[in-house]
Amino acid sequence: MPIFFGDDELKYLKGSFSLDKIADRIDSLKTEYDNLCRHVHEFRRFTHEEFVWARLVVITRIFGLVIKGTKTDGLVPMADMLNHKRPRETKWTFSDAENGFIITTLKGMSSGDEVYDSYGRKCNSRFFVNYGFSLDENEDNEVVMGLRIPKSDPHYSMKVRFLGGNPNSVHREYQIPMSYKEKKTKECFSFLRFAHARDSEMMLLHSADGLKLEEIEPLSIENEKKVLASLEESAKEVLAGFDTSLAEDLKMLKDGVYPMFSNIRNAIVMRRGEKEVLHYYLDLTKRCSHLLDLQWKDLKREAAKCYNSEQAADVYITTVVVPLVRKCR
């Protein structure tokens with residue numbers, strides 16, 4: 001588990017937001033322990049180390065159950081030994097009729113086959129910090145982007161008032177995946193559309209009835225290009241915090257420099273996943289800035305191949321770029 005990593009292993013995570021997640025988990029465990037000892041004096045007979053061990057057993061192995069109509073949680077020995085795999089190959093439930101926990105396979109299996117459970121769709125940061133492993137292939141990987149409204153913005157004061165009058169609210173962090181379909185990604189883009197809104201766009205936002213900051217649709221071609229440019233700038237800043245490049249990480253993993261499932265290899269897979277998301281936004285900016293400059297008749301040809309694709313960039317192109325250019329050109 002990464003919370004037990006020493007400096008010799010943590011150094012492989014330099015630049016990764018997982019370091020903050022690890023520190024937060026360590027702090028939360030210490031706070032829980034101190035609060036229990038403060039309010040339940042008998043609990044003091046357990047050391048902090050014993051509490052952490054027991055708490056991690058619960059965090060990493062608990063199942064949410066419904067028993068006789070009541071929602072509850074439980075530890076299920078043996079069932080908690082199953083490794084993660086998606087798409088899921090099994091389902092589980094508590095059976096009142098059998099008075100027991102039942103795992104059912106969703107596919108044909110032979111003697112000797114490994115039985116897997118699905119831990120759900122998660123960024124590698126959650127798998128890594130909570131369970132100690134990272135998936136080599138994970139389309140749900142995310143990265144933390146730091147974004148801001150600069151004081152040089154001509155509408156800075158108006159925007160601060162819109163955000164409740166707190167100047168600190170102009171600085172935001174968003175943890176986002178590649179997929180524009182995800183709510184958190186749309187909220188990030190929405191904030192940047194607000195951040196870069198100018199003149200008539202601000203008037204439009206100001207007059208909107210019940211406007212929600214997290215639900216702002218594309219405003220204009222120029223605004224969207226600035227949104228992409230901000231993501232590019234933030235991505236470059238985050239990438240600069242790593243000691244290695246994406247290419248170097250890929251080579252280390254390909255060459256098998258560190259043993260499979262080792263802590264250091266999991267750390268490299270973790271940081272590589274972040275870099276892949278960051279490079280995605282660099283590539284998205286380059287590709288879509290070009291597309292946003294096209295005339296509608298030219299864009300139609302370019303975008304035709306995107307409609308039957310589920311690739312993240314293609315989805316953004318068909319849901320944002322195409323409607324914008326069609327409306328404005």
# chains A, B, ... in the order shown; residues from 1 in each chain; ligands from 1

$ residues_around --residues "region 304-313 of chain A" --least-positions-apart "6" --cutoff "8 Å" --atoms "only C-alpha atoms" --output "number ranges by chain"
A: 178-180, 284

$ write_last_selection --atoms "N, CA, C and O atoms" --output "JSON list (two decimals), in the first residue's frame"
[["chain", "number", "residue", "atom", "x", "y", "z"],
["A", 178, "MET", "N", -10.12, 11.81, -19.93],
["A", 178, "MET", "CA", -10.14, 12.26, -21.31],
["A", 178, "MET", "C", -11.57, 12.51, -21.80],
["A", 178, "MET", "O", -11.81, 13.45, -22.55],
["A", 179, "SER", "N", -12.49, 11.69, -21.38],
["A", 179, "SER", "CA", -13.84, 11.68, -21.94],
["A", 179, "SER", "C", -14.61, 12.96, -21.65],
["A", 179, "SER", "O", -14.79, 13.35, -20.48],
["A", 180, "TYR", "N", -15.10, 13.60, -22.72],
["A", 180, "TYR", "CA", -15.92, 14.80, -22.57],
["A", 180, "TYR", "C", -17.33, 14.42, -22.08],
["A", 180, "TYR", "O", -18.06, 15.29, -21.61],
["A", 284, "LEU", "N", -5.42, 17.27, -28.29],
["A", 284, "LEU", "CA", -6.78, 17.75, -28.54],
["A", 284, "LEU", "C", -6.74, 19.23, -28.92],
["A", 284, "LEU", "O", -7.45, 19.67, -29.85]]

$ select_by_dssp --residues "region 83-264 of chain A" --states "alpha helix (DSSP H)" --output "NGL selection string"
:A and (124-131 or 156-162 or 183-195 or 200-207 or 221-239 or 246-255 or 263-264)

$ closest_atom_pairs --of "region 229-277 of chain A" --to "region 192-214 of chain A" --cutoff "12 Å" --atoms "only C-alpha atoms" --output "tab-separated table"
residue	atom	partner	partner_atom	distance
A:Ala229	CA	A:Leu192	CA	10.0
A:Ser230	CA	A:Leu192	CA	7.7
A:Leu231	CA	A:Leu192	CA	8.8
A:Ser234	CA	A:Leu192	CA	11.8

$ residues_around --residues "Glu302 (chain A)" --least-positions-apart "4" --cutoff "12 Å" --atoms "only C-alpha atoms" --output "mmCIF file with N, CA and C atoms, in the first residue's frame"
data_model
loop_
_atom_site.group_PDB
_atom_site.id
_atom_site.type_symbol
_atom_site.label_atom_id
_atom_site.label_comp_id
_atom_site.auth_asym_id
_atom_site.auth_seq_id
_atom_site.Cartn_x
_atom_site.Cartn_y
_atom_site.Cartn_z
ATOM 1 N N ARG A 287 -5.304 19.626 -32.505
ATOM 2 C CA ARG A 287 -6.219 19.127 -33.539
ATOM 3 C C ARG A 287 -7.458 20.015 -33.665
ATOM 4 N N CYS A 288 -8.047 20.371 -32.534
ATOM 5 C CA CYS A 288 -9.323 21.093 -32.584
ATOM 6 C C CYS A 288 -9.156 22.580 -32.865
ATOM 7 N N HIS A 290 -7.190 23.696 -35.071
ATOM 8 C CA HIS A 290 -7.201 23.669 -36.546
ATOM 9 C C HIS A 290 -8.629 23.515 -37.068
ATOM 10 N N LEU A 291 -9.376 22.590 -36.487
ATOM 11 C CA LEU A 291 -10.743 22.338 -36.960
ATOM 12 C C LEU A 291 -11.643 23.546 -36.737
ATOM 13 N N LEU A 292 -11.449 24.242 -35.646
ATOM 14 C CA LEU A 292 -12.279 25.416 -35.347
ATOM 15 C C LEU A 292 -12.013 26.575 -36.308
ATOM 16 N N LEU A 294 -11.652 26.073 -39.563
ATOM 17 C CA LEU A 294 -12.150 25.687 -40.883
ATOM 18 C C LEU A 294 -13.523 26.293 -41.176
ATOM 19 N N GLN A 295 -13.796 26.445 -42.447
ATOM 20 C CA GLN A 295 -15.152 26.778 -42.885
ATOM 21 C C GLN A 295 -16.024 25.536 -42.737
ATOM 22 N N TRP A 296 -17.322 25.760 -42.623
ATOM 23 C CA TRP A 296 -18.241 24.649 -42.377
ATOM 24 C C TRP A 296 -18.132 23.550 -43.430
ATOM 25 N N LYS A 297 -18.046 23.896 -44.702
ATOM 26 C CA LYS A 297 -17.998 22.883 -45.766
ATOM 27 C C LYS A 297 -16.735 22.026 -45.657
ATOM 28 N N ASP A 298 -15.643 22.624 -45.196
ATOM 29 C CA ASP A 298 -14.396 21.873 -45.049
ATOM 30 C C ASP A 298 -14.421 21.005 -43.786
ATOM 31 N N CYS A 306 -15.569 10.995 -37.676
ATOM 32 C CA CYS A 306 -15.638 11.010 -36.212
ATOM 33 C C CYS A 306 -16.964 10.487 -35.664
ATOM 34 N N TYR A 307 -18.004 10.479 -36.501
ATOM 35 C CA TYR A 307 -19.345 10.216 -35.980
ATOM 36 C C TYR A 307 -19.553 8.788 -35.487
ATOM 37 N N ASP A 314 -12.834 12.348 -30.753
ATOM 38 C CA ASP A 314 -13.897 12.353 -31.768
ATOM 39 C C ASP A 314 -15.241 12.740 -31.165
ATOM 40 N N ILE A 317 -15.234 16.437 -30.750
ATOM 41 C CA ILE A 317 -15.373 17.091 -32.057
ATOM 42 C C ILE A 317 -16.830 17.099 -32.510
ATOM 43 N N THR A 318 -17.508 15.982 -32.375
ATOM 44 C CA THR A 318 -18.891 15.902 -32.867
ATOM 45 C C THR A 318 -19.882 16.616 -31.959
ATOM 46 N N VAL A 321 -17.185 20.871 -31.391
ATOM 47 C CA VAL A 321 -16.578 21.586 -32.522
ATOM 48 C C VAL A 321 -17.557 21.719 -33.690
ATOM 49 N N VAL A 322 -18.166 20.606 -34.083
ATOM 50 C CA VAL A 322 -19.066 20.629 -35.242
ATOM 51 C C VAL A 322 -20.240 21.595 -35.037
#

$ closest_residue --among "A:Val238, A:Ile59, A:Ile176, A:Ile268" --to "Lys11 (chain A)" --atoms "only C-alpha atoms"
A:Ile268

$ closest_atom_pairs --of "region 108-178 of chain A" --to "region 15-37 of chain A" --cutoff "10 Å" --atoms "only C-alpha atoms" --output "tab-separated table"
residue	atom	partner	partner_atom	distance
A:Asn124	CA	A:Ser18	CA	9.2
A:Ser125	CA	A:Ser18	CA	5.8
A:Arg126	CA	A:Ser18	CA	8.6
A:Phe128	CA	A:Ser18	CA	8.2
A:Val129	CA	A:Ile22	CA	6.2
A:Asn130	CA	A:Arg25	CA	8.9
A:Glu142	CA	A:Phe17	CA	9.7
A:Val143	CA	A:Phe17	CA	7.4
A:Val144	CA	A:Phe17	CA	6.7
A:Met145	CA	A:Phe17	CA	9.8
A:Gln175	CA	A:Phe17	CA	9.5

$ residues_around --residues "Val66 (chain A)" --least-positions-apart "4" --cutoff "8 Å" --atoms "only C-alpha atoms" --output "compact mmCIF listing (two decimals) with C-alpha atoms, in the first residue's frame"
# COMPACT_ATOMS: atom_id res chain seq x y z
CA THR A 70 -31.73 -3.49 5.30
CA LYS A 71 -28.69 -1.83 3.76
CA THR A 72 -25.51 -2.78 5.56
CA THR A 93 -25.34 -10.53 -3.67
CA PHE A 94 -26.59 -11.65 -0.28

$ closest_residue --among "A:Asn223, A:Asp283, A:Arg271, A:Val52" --to "Glu248 (chain A)" --atoms "only C-alpha atoms"
A:Arg271

$ select_by_dssp --residues "region 49-140 of chain A" --states "strand (DSSP E or B)" --output "tab-separated table (two decimals) with C-alpha atoms, in the first residue's frame"
chain	number	residue	atom	x	y	z
A	62	ILE	CA	-15.81	-4.35	2.56
A	63	PHE	CA	-18.92	-5.28	0.56
A	64	GLY	CA	-22.14	-3.26	0.51
A	65	LEU	CA	-25.04	-5.63	1.18
A	66	VAL	CA	-28.80	-5.70	1.54
A	67	ILE	CA	-29.91	-8.26	4.12
A	70	THR	CA	-31.73	-3.49	5.30
A	71	LYS	CA	-28.69	-1.83	3.76
A	72	THR	CA	-25.51	-2.78	5.56
A	73	ASP	CA	-21.84	-3.61	5.02
A	74	GLY	CA	-19.87	-6.76	5.66
A	75	LEU	CA	-16.55	-8.52	5.33
A	83	ASN	CA	-8.72	-9.77	-8.17
A	84	HIS	CA	-10.21	-6.96	-10.25
A	90	THR	CA	-19.16	-12.21	-11.94
A	91	LYS	CA	-21.89	-10.65	-9.85
A	92	TRP	CA	-22.50	-10.99	-6.14
A	93	THR	CA	-25.34	-10.53	-3.67
A	94	PHE	CA	-26.59	-11.65	-0.28
A	95	SER	CA	-29.36	-14.22	-0.61
A	100	GLY	CA	-25.46	-16.39	2.57
A	101	PHE	CA	-23.25	-14.40	0.20
A	102	ILE	CA	-23.39	-15.73	-3.36
A	103	ILE	CA	-21.07	-15.03	-6.29
A	104	THR	CA	-22.45	-15.96	-9.71
A	105	THR	CA	-20.35	-16.21	-12.87
A	116	TYR	CA	-12.48	-12.25	-10.84
A	117	ASP	CA	-14.55	-9.49	-9.30

$ atom_distance --atom1 "CA of Asp249 (chain A)" --atom2 "CA of Arg272 (chain A)"
6.2 Å

$ closest_residue --among "A:Leu250, A:Thr60, A:Phe242, A:Leu106" --to "Arg265 (chain A)" --atoms "only C-alpha atoms"
A:Leu250

$ closest_residue --among "A:Lys181, A:Lys107, A:Arg148, A:Arg326" --to "Pro167 (chain A)" --atoms "only C-alpha atoms"
A:Arg148

$ residues_around --residues "Ala247 (chain A)" --least-positions-apart "5" --cutoff "12 Å" --atoms "only C-alpha atoms" --output "list in words"
Met252, Leu253, Lys254, Ile268, Arg271, Arg272, Gly273, Lys275, Glu276 and His279 of chain A

$ write_last_selection --atoms "C-alpha atoms" --output "short mmCIF file (atom, residue, chain, number, x, y, z; two decimals), in the first residue's frame"
data_model
loop_
_atom_site.label_atom_id
_atom_site.label_comp_id
_atom_site.auth_asym_id
_atom_site.auth_seq_id
_atom_site.Cartn_x
_atom_site.Cartn_y
_atom_site.Cartn_z
CA MET A 252 10.86 1.37 -18.83
CA LEU A 253 7.62 -0.60 -18.82
CA LYS A 254 8.30 -2.19 -22.20
CA ILE A 268 5.40 4.13 -12.94
CA ARG A 271 2.30 8.35 -13.39
CA ARG A 272 2.32 7.13 -17.00
CA GLY A 273 -1.49 7.12 -16.98
CA LYS A 275 0.92 11.73 -18.60
CA GLU A 276 -1.20 10.00 -21.23
CA HIS A 279 -0.74 14.48 -23.71
#
